[in-house]
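> Please find entry01.cif (mmCIF, C-alpha atoms) on the next line:
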```cif
data_input
loop_
_atom_site.group_PDB
_atom_site.id
_atom_site.type_symbol
_atom_site.label_atom_id
_atom_site.label_comp_id
_atom_site.auth_asym_id
_atom_site.auth_seq_id
_atom_site.Cartn_x
_atom_site.Cartn_y
_atom_site.Cartn_z
ATOM 1 C CA MET A 1 14.828 -22.805 -23.094
ATOM 2 C CA PRO A 2 13.498 -19.238 -22.607
ATOM 3 C CA ARG A 3 15.559 -16.418 -24.021
ATOM 4 C CA ILE A 4 17.574 -14.490 -21.415
ATOM 5 C CA SER A 5 17.184 -10.723 -21.830
ATOM 6 C CA ALA A 6 19.901 -9.630 -19.386
ATOM 7 C CA ALA A 7 23.604 -10.171 -18.690
ATOM 8 C CA THR A 8 22.953 -12.782 -16.000
ATOM 9 C CA ILE A 9 20.132 -15.139 -15.042
ATOM 10 C CA GLY A 10 19.748 -13.200 -11.775
ATOM 11 C CA GLU A 11 19.290 -9.925 -13.656
ATOM 12 C CA HIS A 12 16.856 -11.598 -16.040
ATOM 13 C CA ARG A 13 14.780 -12.923 -13.131
ATOM 14 C CA ALA A 14 14.764 -9.487 -11.470
ATOM 15 C CA GLN A 15 13.652 -7.845 -14.734
ATOM 16 C CA THR A 16 10.899 -10.408 -15.249
ATOM 17 C CA GLN A 17 9.652 -10.043 -11.678
ATOM 18 C CA ASP A 18 9.636 -6.270 -12.072
ATOM 19 C CA ARG A 19 7.651 -6.603 -15.312
ATOM 20 C CA ILE A 20 5.124 -8.841 -13.549
ATOM 21 C CA LEU A 21 4.669 -6.444 -10.635
ATOM 22 C CA ARG A 22 4.346 -3.456 -12.978
ATOM 23 C CA ALA A 23 1.627 -5.417 -14.793
ATOM 24 C CA VAL A 24 -0.195 -5.940 -11.481
ATOM 25 C CA SER A 25 0.083 -2.206 -10.787
ATOM 26 C CA ARG A 26 -1.460 -1.291 -14.159
ATOM 27 C CA LEU A 27 -4.229 -3.882 -13.847
ATOM 28 C CA SER A 28 -5.056 -2.821 -10.282
ATOM 29 C CA ARG A 29 -5.726 0.710 -11.514
ATOM 30 C CA GLU A 30 -7.890 -0.529 -14.400
ATOM 31 C CA GLN A 31 -9.959 -3.242 -12.748
ATOM 32 C CA GLY A 32 -9.042 -3.504 -9.061
ATOM 33 C CA ILE A 33 -6.823 -6.070 -7.390
ATOM 34 C CA ASP A 34 -9.678 -8.426 -6.501
ATOM 35 C CA ALA A 35 -10.700 -8.802 -10.170
ATOM 36 C CA ILE A 36 -7.205 -9.584 -11.492
ATOM 37 C CA SER A 37 -6.544 -13.152 -12.602
ATOM 38 C CA MET A 38 -3.191 -14.836 -13.122
ATOM 39 C CA THR A 39 -4.064 -15.048 -16.836
ATOM 40 C CA ASP A 40 -4.607 -11.270 -16.911
ATOM 41 C CA VAL A 41 -1.226 -10.677 -15.293
ATOM 42 C CA ALA A 42 0.635 -13.026 -17.651
ATOM 43 C CA SER A 43 -0.966 -11.366 -20.659
ATOM 44 C CA GLU A 44 -0.238 -7.838 -19.397
ATOM 45 C CA ALA A 45 3.382 -8.753 -18.588
ATOM 46 C CA GLU A 46 3.729 -10.454 -22.015
ATOM 47 C CA ILE A 47 4.839 -13.767 -20.549
ATOM 48 C CA THR A 48 3.269 -17.204 -20.469
ATOM 49 C CA ARG A 49 1.245 -18.403 -17.499
ATOM 50 C CA THR A 50 3.889 -21.079 -16.944
ATOM 51 C CA VAL A 51 6.568 -18.416 -16.540
ATOM 52 C CA LEU A 52 4.316 -16.447 -14.175
ATOM 53 C CA TYR A 53 3.733 -19.530 -12.002
ATOM 54 C CA ASN A 54 7.507 -20.071 -11.847
ATOM 55 C CA TYR A 55 7.738 -16.717 -10.066
ATOM 56 C CA PHE A 56 4.488 -16.748 -8.095
ATOM 57 C CA PRO A 57 2.722 -20.063 -7.380
ATOM 58 C CA ASP A 58 -0.683 -18.410 -6.791
ATOM 59 C CA LYS A 59 -2.493 -15.104 -6.616
ATOM 60 C CA ALA A 60 -1.872 -14.768 -2.881
ATOM 61 C CA ALA A 61 1.911 -14.966 -3.383
ATOM 62 C CA LEU A 62 1.665 -12.428 -6.201
ATOM 63 C CA LEU A 63 -0.363 -10.006 -4.075
ATOM 64 C CA LEU A 64 2.065 -10.416 -1.167
ATOM 65 C CA ALA A 65 4.984 -9.436 -3.410
ATOM 66 C CA PHE A 66 3.019 -6.532 -4.852
ATOM 67 C CA THR A 67 2.002 -5.325 -1.378
ATOM 68 C CA GLU A 68 5.603 -5.491 -0.230
ATOM 69 C CA ARG A 69 6.632 -3.314 -3.196
ATOM 70 C CA VAL A 70 3.853 -0.783 -2.505
ATOM 71 C CA THR A 71 4.823 -0.696 1.186
ATOM 72 C CA HIS A 72 8.461 0.055 0.331
ATOM 73 C CA TYR A 73 7.305 2.759 -2.087
ATOM 74 C CA PHE A 74 5.110 4.306 0.616
ATOM 75 C CA ILE A 75 7.912 4.313 3.188
ATOM 76 C CA ASP A 76 10.397 5.809 0.701
ATOM 77 C CA SER A 77 7.858 8.494 -0.299
ATOM 78 C CA TYR A 78 7.059 9.287 3.330
ATOM 79 C CA GLU A 79 10.721 9.687 4.242
ATOM 80 C CA ARG A 80 11.439 11.729 1.096
ATOM 81 C CA GLU A 81 8.466 14.098 1.411
ATOM 82 C CA LEU A 82 8.548 14.694 5.154
ATOM 83 C CA PRO A 83 10.161 18.044 5.995
ATOM 84 C CA GLU A 84 12.942 17.958 8.554
ATOM 85 C CA ARG A 85 11.766 18.594 12.116
ATOM 86 C CA ALA A 86 8.121 18.362 11.066
ATOM 87 C CA LEU A 87 5.602 18.622 13.878
ATOM 88 C CA PRO A 88 3.438 15.552 14.627
ATOM 89 C CA ALA A 89 0.351 17.109 12.975
ATOM 90 C CA GLU A 90 2.291 17.786 9.773
ATOM 91 C CA ARG A 91 3.703 14.260 9.794
ATOM 92 C CA LEU A 92 0.190 12.885 10.204
ATOM 93 C CA ARG A 93 -1.076 14.977 7.278
ATOM 94 C CA VAL A 94 1.729 13.618 5.052
ATOM 95 C CA PHE A 95 0.915 10.060 6.177
ATOM 96 C CA VAL A 96 -2.802 10.484 5.373
ATOM 97 C CA ARG A 97 -2.131 12.058 1.964
ATOM 98 C CA LEU A 98 0.287 9.301 0.925
ATOM 99 C CA GLN A 99 -2.115 6.588 2.107
ATOM 100 C CA LEU A 100 -4.917 8.127 0.035
ATOM 101 C CA ASP A 101 -2.581 8.483 -2.952
ATOM 102 C CA GLY A 102 -1.826 4.781 -2.566
ATOM 103 C CA LEU A 103 -5.532 3.883 -2.516
ATOM 104 C CA LEU A 104 -6.011 5.788 -5.753
ATOM 105 C CA ALA A 105 -2.886 4.409 -7.431
ATOM 106 C CA HIS A 106 -3.539 0.786 -6.417
ATOM 107 C CA PRO A 107 -7.286 0.249 -5.936
ATOM 108 C CA HIS A 108 -8.196 -2.755 -3.829
ATOM 109 C CA PRO A 109 -11.246 -4.056 -1.996
ATOM 110 C CA GLY A 110 -11.808 -3.407 1.682
ATOM 111 C CA PRO A 111 -10.266 -5.714 4.300
ATOM 112 C CA ALA A 112 -13.332 -7.964 4.634
ATOM 113 C CA ASP A 113 -13.599 -8.546 0.875
ATOM 114 C CA LEU A 114 -9.860 -9.037 0.515
ATOM 115 C CA SER A 115 -9.846 -11.529 3.390
ATOM 116 C CA ALA A 116 -12.663 -13.476 1.717
ATOM 117 C CA ALA A 117 -10.831 -13.477 -1.629
ATOM 118 C CA LEU A 118 -7.472 -14.599 -0.231
ATOM 119 C CA GLY A 119 -8.451 -16.734 2.737
ATOM 120 C CA PRO A 120 -7.440 -16.067 6.350
ATOM 121 C CA ASP A 121 -3.836 -17.336 6.186
ATOM 122 C CA ALA A 122 -2.862 -15.346 3.081
ATOM 123 C CA TYR A 123 -4.706 -12.298 4.399
ATOM 124 C CA GLN A 124 -2.730 -12.469 7.651
ATOM 125 C CA ARG A 125 0.536 -12.634 5.688
ATOM 126 C CA LEU A 126 -0.667 -9.635 3.690
ATOM 127 C CA ALA A 127 -1.416 -7.774 6.933
ATOM 128 C CA ASP A 128 2.100 -8.593 8.166
ATOM 129 C CA HIS A 129 3.542 -6.987 5.013
ATOM 130 C CA VAL A 130 1.803 -3.661 5.685
ATOM 131 C CA GLU A 131 2.767 -3.634 9.371
ATOM 132 C CA PRO A 132 5.689 -1.204 8.751
ATOM 133 C CA MET A 133 3.137 1.448 7.728
ATOM 134 C CA GLN A 134 1.267 0.929 10.987
ATOM 135 C CA ARG A 135 4.584 1.319 12.847
ATOM 136 C CA ILE A 136 5.119 4.687 11.139
ATOM 137 C CA LEU A 137 1.636 5.772 12.193
ATOM 138 C CA THR A 138 2.050 4.664 15.811
ATOM 139 C CA GLY A 139 5.394 6.489 15.862
ATOM 140 C CA ILE A 140 3.676 9.688 14.717
ATOM 141 C CA ILE A 141 0.988 9.344 17.375
ATOM 142 C CA ASP A 142 3.563 8.500 20.073
ATOM 143 C CA SER A 143 5.582 11.614 19.224
ATOM 144 C CA GLY A 144 2.435 13.753 19.331
ATOM 145 C CA VAL A 145 1.463 12.352 22.716
ATOM 146 C CA ALA A 146 5.001 12.922 24.036
ATOM 147 C CA SER A 147 4.997 16.552 22.835
ATOM 148 C CA GLY A 148 1.525 17.214 24.229
ATOM 149 C CA ASP A 149 0.062 17.855 20.753
ATOM 150 C CA PHE A 150 -2.093 14.706 20.755
ATOM 151 C CA HIS A 151 -4.207 12.934 23.332
ATOM 152 C CA ALA A 152 -4.412 9.175 22.757
ATOM 153 C CA PRO A 153 -4.729 6.907 25.813
ATOM 154 C CA ASP A 154 -4.142 3.827 23.608
ATOM 155 C CA VAL A 155 -1.859 4.519 20.645
ATOM 156 C CA GLU A 156 -2.497 1.148 18.939
ATOM 157 C CA VAL A 157 -6.263 1.668 19.057
ATOM 158 C CA ALA A 158 -5.878 5.240 17.760
ATOM 159 C CA ALA A 159 -3.770 3.948 14.847
ATOM 160 C CA ARG A 160 -6.426 1.351 13.931
ATOM 161 C CA PHE A 161 -9.130 4.022 14.019
ATOM 162 C CA ILE A 162 -7.089 6.343 11.796
ATOM 163 C CA LEU A 163 -6.476 3.582 9.237
ATOM 164 C CA ALA A 164 -10.208 2.802 9.273
ATOM 165 C CA VAL A 165 -11.048 6.469 8.615
ATOM 166 C CA ILE A 166 -8.573 6.513 5.718
ATOM 167 C CA GLY A 167 -10.114 3.295 4.381
ATOM 168 C CA ALA A 168 -13.592 4.836 4.583
ATOM 169 C CA GLU A 169 -12.574 7.269 1.835
ATOM 170 C CA ARG A 170 -11.699 4.424 -0.568
ATOM 171 C CA VAL A 171 -15.073 4.218 -2.344
ATOM 172 C CA PRO A 172 -15.731 7.998 -2.591
ATOM 173 C CA LEU A 173 -12.180 8.513 -3.846
ATOM 174 C CA LEU A 174 -12.281 5.747 -6.445
ATOM 175 C CA SER A 175 -15.745 6.744 -7.662
ATOM 176 C CA GLY A 176 -14.628 10.341 -8.150
ATOM 177 C CA ALA A 177 -17.123 11.642 -5.573
ATOM 178 C CA VAL A 178 -14.246 13.415 -3.831
ATOM 179 C CA THR A 179 -10.848 14.609 -5.026
ATOM 180 C CA PRO A 180 -7.657 13.381 -3.348
ATOM 181 C CA GLU A 181 -7.198 16.852 -1.866
ATOM 182 C CA GLU A 182 -10.730 16.895 -0.447
ATOM 183 C CA ALA A 183 -10.321 13.394 0.989
ATOM 184 C CA ALA A 184 -6.975 14.297 2.571
ATOM 185 C CA GLU A 185 -8.419 17.447 4.145
ATOM 186 C CA THR A 186 -11.512 15.611 5.434
ATOM 187 C CA VAL A 187 -9.538 12.734 6.930
ATOM 188 C CA SER A 188 -6.731 14.869 8.365
ATOM 189 C CA GLY A 189 -9.169 17.359 9.889
ATOM 190 C CA PHE A 190 -11.315 14.630 11.436
ATOM 191 C CA VAL A 191 -8.338 12.693 12.785
ATOM 192 C CA LEU A 192 -6.529 15.744 14.162
ATOM 193 C CA ARG A 193 -9.703 16.877 15.959
ATOM 194 C CA GLY A 194 -10.025 13.380 17.399
ATOM 195 C CA LEU A 195 -6.440 13.527 18.659
ATOM 196 C CA GLY A 196 -6.844 17.034 20.073
ATOM 197 C CA THR A 197 -5.423 17.562 23.512
ATOM 198 C CA VAL A 198 -8.106 17.452 26.217
#
```
Can you dump the structure from the file as structure tokens?


Amino acid sequence: MPRISAATIGEHRAQTQDRILRAVSRLSREQGIDAISMTDVASEAEITRTVLYNYFPDKAALLLAFTERVTHYFIDSYERELPERALPAERLRVFVRLQLDGLLAHPHPGPADLSAALGPDAYQRLADHVEPMQRILTGIIDSGVASGDFHAPDVEVAARFILAVIGAERVPLLSGAVTPEEAAETVSGFVLRGLGTV
């Protein structure tokens, strides 16, 4: 029977799951999420593959849990860093910067490659996990439209375009061709001009 390293089995399971997800975070920075294997994760977390499979039956389940953790981190960071009574443009700048920070901290392939790696069903579940971030973005755009700061006839379409522009900086950012500050300024400037009131 495996040795319990906490006061209760529940605490032990939580600690082990945290160790696994921290291992995924480290590996994603070193080699990218698409290149990570379950063997890599078990080795990095210093557990056996059998233990890993007791927590996550496959890579898709592991990536879903990791994505959920990153999403919660993003939302917490957004709420913590956003100044009170921030204008829509400032909120959008914070959103863009945190999204780019996330791309740098947790490198991953683009949507098409990720969909191919996971399969359509797992990819859709992954998309569902990041939906709260899209809700934040549509809320920012909605508030800008309501205040007259933004012009966006279709808020959902505008949000998809903005996420695509952020995603377009993934390769330049990860390759070091641009700094996070340069990427944030480029994306924010482009997006804010696109949302300019007409």

> Between A:Asp149, A:Gln134, A:Ala177, A:Ile20, which one has atoms that come closest to Gln99 (chain A), using all atoms listed in the file?

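Looking only at the distances to Gln99 (chain A), the closest residue turns out to be A:Gln134.
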
> Run through the PyMOL selection byres ((chain A and resi 29-46) around 6) on the given coordinates and return the selected residues as a ChimeraX atom specification.

/A:19-20,23,26-28,47-49,106-108

> Give me, as JSON lines, the closest atom pair and its distance (Å, one decimal) for every residue of region 14-124 of chain A within a cut-off of 8 Å of region 155-171 of chain A, counting only C-alpha atoms, rows sorted by chain and rising number.


```
{"residue": "A:Val96", "atom": "CA", "partner": "A:Ile166", "partner_atom": "CA", "distance": 7.0}
{"residue": "A:Gln99", "atom": "CA", "partner": "A:Ile166", "partner_atom": "CA", "distance": 7.4}
{"residue": "A:Leu100", "atom": "CA", "partner": "A:Ile166", "partner_atom": "CA", "distance": 6.9}
{"residue": "A:Leu103", "atom": "CA", "partner": "A:Arg170", "partner_atom": "CA", "distance": 6.5}
{"residue": "A:Leu104", "atom": "CA", "partner": "A:Arg170", "partner_atom": "CA", "distance": 7.8}
{"residue": "A:Gly110", "atom": "CA", "partner": "A:Gly167", "partner_atom": "CA", "distance": 7.4}
```

> Might you pull out every residue within 9 Å of Ala60 (chain A), with only C-alpha atoms counted and same-chain residues fewer than 3 positions away left off, and present them as a list of chain:residue names?

A:Phe56, A:Pro57, A:Leu63, A:Leu64, A:Ala65, A:Leu118, A:Gly119, A:Ala122, A:Tyr123, A:Leu126

> How big is the axis-aligned box around the listed atoms of region 133-148 of chain A once 4 Å is added on each side, and where is its centre? Give both in Å to one decimal, as JSON.


```
{"center_x": 3.3, "center_y": 9.1, "center_z": 16.0, "size_x": 12.6, "size_y": 24.3, "size_z": 24.5}
```
